[in-house]
Structure formats: structure tokens, C-alpha cells
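Inspection log for the structure reproduced underneath, given as C-alpha cells.
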Amino acid sequence: MPGRKHALTGSADMSIRLWDCETCLVVRMFLPAHSQMVKDLAPHPTNDQIFLSCSMDGNVLLWDLRSQKPASCVYRDYSLKPECVTWLEGAGEGQYLVGLQNGKVAQRCIKDLNFDLTSFYALQRPLYRIAVNPKRLTQFAVCGNDSRVVVVDAAEGSLRLRYEDDHHTDFVRGLAWQDADTFISCGWDTSVLVHKL
């Protein structure tokens with residue numbers, strides 16, 4: 001949780017832990033948080049009491065640490081499981097992205113559980129990471145079990161390809177934005193590449 005005093009971790013043991021960064025102690029633990037391995041966590045951009053989690057159990061859960069029962073399911077698909085999740089608050093309050101096993105990114109809202117607002121096939125394989133551009137909050141980079149990286153714009157109710165690159169020679173695993181027009185990717189090919197939009 002950038003700039004905050006707590007850190008979130010999810011694990012193969014199905015747990016989610018909230019850590020105090022100053023004392024290095026676990027202050028909250030949810031075990032089991034899911035019924036299978038936790039794949040990704042997404043702290044809310046402005047509220048440190050709220051986060052999203054996704055798991056191999058096919059669920060995306062919305063967590064509110066102020067509630068007695070903190071978890072509620074906002075996405076469930078046992079056949080097309082979520083691999084990664086992140087908030088897309090630049091597109092509207094409560095909006096988030098789910099990266100799926102079939103390479104699709106789905107834009108959803110926590111207020112409407114029944115359907116995607118829009119979606120986009122970013123890759124042909126399972127997604128691994130979605131990184132929102134901190135300078136353009138409706139733009140995000142995507143990587144997965146592929147050598148390609150793509151950048152997508154969320155605008156006017158749709159997702160549109162902005163940039164793609166396939167200079168990696170193995171799966172891409174890390175994405176980080178340097179500024180509004182530059183991001184960095186790294187992969188199993190041991191390459192670290194700088195991308196200019």
C-alpha cells in the first residue's frame with residue numbers, strides 16, 4: 001500500500017495478512033480468505049480500509065476492514081478464473097479491472113455484479129499483471145504468459161489498444177510506470193525494457 005503504514009500480502013495458503021510496516025507485525029489475518037491460492041491484491045487508491053483480492057477459486061472479493069464481515073464477492077466465474085485485479089478509479093467510482101485466464105481484461109463496477117462494463121482481449125494467454133498509469137488514471141499496461149506487453153486506454157465506455165510491444169522473448173512478469181508516457185517491463189528472459197508511448 002504505497003505511502004501508507006500497512007502492507008497487504010496474499011499467499012498460496014489461502015491467507016491474506018495486513019502488516020504494520022513499522023513493527024513488522026501482522027495486525028489482521030484472514031485464513032482462509034479464499035478457498036484456493038490468493039493470486040493478487042489491490043489496495044484502494046484513496047481508502048486504506050478497502051481492497052480487492054482474487055484467487056484461483058474463481059472469486060474477486062471486495063474487502064472493507066471496517067465491517068464485521070469484511071469480504072463480499074463482486075465477481076465469480078469458476079470456468080474463467082481471475083488472475084489479477086486492480087482499481088480503475090479514473091474511469092469512475094468503484095470501477096476495477098479483472099485480468100482473466102483467457103487473456104481478457106474486464107472493466108467492472110462494484111455496484112453492478114452481473115456483467116462487465118466493457119472488456120478487451122489484451123493477450124491470447126492468461127494475464128499476470130495490470131498496472132494503471134498513475135499520471136493517466138484511465139490508462140493501463142498489461143502483461144501475462146506471453147512475450148507481449150500492451151497498453152490500453154479506457155475511454156467513452158470502451159477499452160482501446162494504445163500500444164503493444166513484443167521485444168521480450170519469454171513471459172513478462174513485471175510492469176512499472178516511470179512517468180505519463182514511459183513504463184518499464186521485465187520478464188523471465190532477464191530483460192528490463194523501457195517503453196515510450
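Residues in the C-alpha cells are numbered from 1 in each chain, the chains being A, B, ... in the order shown, and ligands are numbered from 1 in the order shown.
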Find the residues near Arg125 (chain A): any atom within 6 Å, counting only C-alpha atoms, skip ones fewer than 4 places away on the same chain, and give them as JSON, numbers by chain.
{"A": [102, 103, 145]}
Those same residues, written as a short mmCIF file (atom, residue, chain, number, x, y, z; two decimals), in the first residue's frame with C-alpha atoms?
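Heads up, here's the output in out-v8.cif:
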```
data_model
loop_
_atom_site.label_atom_id
_atom_site.label_comp_id
_atom_site.auth_asym_id
_atom_site.auth_seq_id
_atom_site.Cartn_x
_atom_site.Cartn_y
_atom_site.Cartn_z
CA ASN A 102 -8.25 -16.30 -21.45
CA GLY A 103 -6.27 -13.05 -21.86
CA ASN A 145 2.01 -15.64 -20.04
#
```
Residues within 7 Å of Ile184 (chain A), please, as a ChimeraX atom specification. Count only C-alpha atoms; anything in the same chain fewer than 5 positions from it doesn't count.
/A:175-177,192-195
How close does region 25-92 of chain A get to region 135-143 of chain A? List, as a tab-separated table, each residue of region 25-92 of chain A within 7 Å, its nearest atom pair and the distance in Å to one decimal, counting only C-alpha atoms.
```
residue	atom	partner	partner_atom	distance
A:Leu88	CA	A:Thr138	CA	6.5
A:Glu89	CA	A:Leu137	CA	7.0
A:Gly90	CA	A:Leu137	CA	4.5
A:Ala91	CA	A:Thr138	CA	5.7
```
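Using only C-alpha atoms, the protein and nucleic acid residues lying no more than 8 Å from Phe171 (chain A), apart from those fewer than 3 places from it along its own chain, are Gly144, Asn145, Asp146, Ser147, Arg148, His168, Gly187, Trp188 and Asp189 of chain A.
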With N, CA and C atoms retained, write the just-selected residues as a PDB file, in the first residue's frame.
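Written out: again-v7.pdb:
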```pdb
ATOM      1  N   GLY A 144       1.354 -10.900 -19.264  1.00  0.00           N
ATOM      2  CA  GLY A 144       0.859 -12.224 -18.889  1.00  0.00           C
ATOM      3  C   GLY A 144       1.789 -13.319 -19.351  1.00  0.00           C
ATOM      4  N   ASN A 145       1.231 -14.489 -19.592  1.00  0.00           N
ATOM      5  CA  ASN A 145       2.011 -15.640 -20.036  1.00  0.00           C
ATOM      6  C   ASN A 145       2.292 -15.512 -21.527  1.00  0.00           C
ATOM      7  N   ASP A 146       3.011 -14.466 -21.875  1.00  0.00           N
ATOM      8  CA  ASP A 146       3.250 -14.077 -23.253  1.00  0.00           C
ATOM      9  C   ASP A 146       4.481 -13.176 -23.264  1.00  0.00           C
ATOM     10  N   SER A 147       5.090 -13.008 -24.428  1.00  0.00           N
ATOM     11  CA  SER A 147       6.228 -12.100 -24.549  1.00  0.00           C
ATOM     12  C   SER A 147       5.777 -10.671 -24.856  1.00  0.00           C
ATOM     13  N   ARG A 148       4.495 -10.468 -25.079  1.00  0.00           N
ATOM     14  CA  ARG A 148       3.962  -9.149 -25.415  1.00  0.00           C
ATOM     15  C   ARG A 148       3.563  -8.364 -24.172  1.00  0.00           C
ATOM     16  N   HIS A 168      10.271  -8.796 -25.700  1.00  0.00           N
ATOM     17  CA  HIS A 168      10.667  -9.834 -24.750  1.00  0.00           C
ATOM     18  C   HIS A 168      10.655 -11.180 -25.467  1.00  0.00           C
ATOM     19  N   GLY A 187      10.980  -9.520 -17.569  1.00  0.00           N
ATOM     20  CA  GLY A 187      10.423 -10.842 -17.812  1.00  0.00           C
ATOM     21  C   GLY A 187      11.386 -11.956 -17.488  1.00  0.00           C
ATOM     22  N   TRP A 188      10.917 -13.176 -17.740  1.00  0.00           N
ATOM     23  CA  TRP A 188      11.731 -14.365 -17.493  1.00  0.00           C
ATOM     24  C   TRP A 188      12.945 -14.431 -18.416  1.00  0.00           C
ATOM     25  N   ASP A 189      12.964 -13.617 -19.467  1.00  0.00           N
ATOM     26  CA  ASP A 189      14.128 -13.577 -20.361  1.00  0.00           C
ATOM     27  C   ASP A 189      15.267 -12.754 -19.767  1.00  0.00           C
TER      28      ASP A 189
END
```
Just the residues within 7 Å of Ala12 (chain A), please, counting only C-alpha atoms, with nothing from its chain fewer than 2 positions along; format it as a PyMOL selection string.
chain A and resi 14+37-38
Once you have the residues from the selection above, write them out as a short mmCIF file (atom, residue, chain, number, x, y, z; two decimals), in the first residue's frame, restricted to C-alpha atoms.
```
data_model
loop_
_atom_site.label_atom_id
_atom_site.label_comp_id
_atom_site.auth_asym_id
_atom_site.auth_seq_id
_atom_site.Cartn_x
_atom_site.Cartn_y
_atom_site.Cartn_z
CA MET A 14 -5.26 -19.03 1.09
CA MET A 37 -4.46 -19.70 -3.53
CA VAL A 38 -4.66 -15.89 -3.45
#
```
What's around Asp112 (chain A) at 10 Å? Count only C-alpha atoms, leave out sequence neighbours fewer than 4 positions away in its own chain, and write the answer as a list in words.
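The residues satisfying every condition are Val74, Tyr75, Gly94, Gln95, Arg108, Asp116 and Leu117 of chain A.
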Write out, as a PDB file, in the first residue's frame, the residues just selected, with C-alpha atoms.
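Done, and the output landed in part-v2.pdb:
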```pdb
ATOM      1  CA  VAL A  74     -18.018  -8.871  -6.607  1.00  0.00           C
ATOM      2  CA  TYR A  75     -17.024 -11.367  -9.342  1.00  0.00           C
ATOM      3  CA  GLY A  94     -15.921   1.785  -7.711  1.00  0.00           C
ATOM      4  CA  GLN A  95     -14.571   0.673 -11.076  1.00  0.00           C
ATOM      5  CA  ARG A 108     -16.374  -3.839 -13.871  1.00  0.00           C
ATOM      6  CA  ASP A 116     -18.777  -6.353 -17.420  1.00  0.00           C
ATOM      7  CA  LEU A 117     -18.996  -2.668 -18.289  1.00  0.00           C
TER       8      LEU A 117
END
```
Between A:Asp179, A:Asp165, A:Asp20, A:Asp48, single out the one closest to Val132 (chain A), counting only C-alpha atoms.
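Answer, going by the shortest atom-to-atom distance: A:Asp179.
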So which residues touch Thr23 (chain A) within 10 Å, counting only C-alpha atoms, skipping near sequence neighbours fewer than 4 positions away, as number ranges by chain?
A: 5-6, 19, 27
My list of candidates is A:Ser79, A:Asn133, A:Asn59, A:Ser158. Which is closest to Thr118 (chain A) when distances are computed with only C-alpha atoms?
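Closest to Thr118 (chain A), using only C-alpha atoms: A:Ser158.
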From the set A:Ala7, A:Phe51, A:Ala155, A:His44, which residue has the shortest atom-to-atom contact distance to Ala71 (chain A), counting only C-alpha atoms?
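Once distances to Ala71 (chain A) are computed over only C-alpha atoms, the minimum belongs to A:Phe51.
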Determine the nearest neighbour of Leu62 (chain A) from the options A:Arg162, A:Arg4, A:Lys111, A:His167, counting only C-alpha atoms.
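Answer, going by the shortest atom-to-atom distance: A:Lys111.
Interatomic distance, CA of Leu100 (chain A) to CA of Asp181 (chain A): 25.7 Å.
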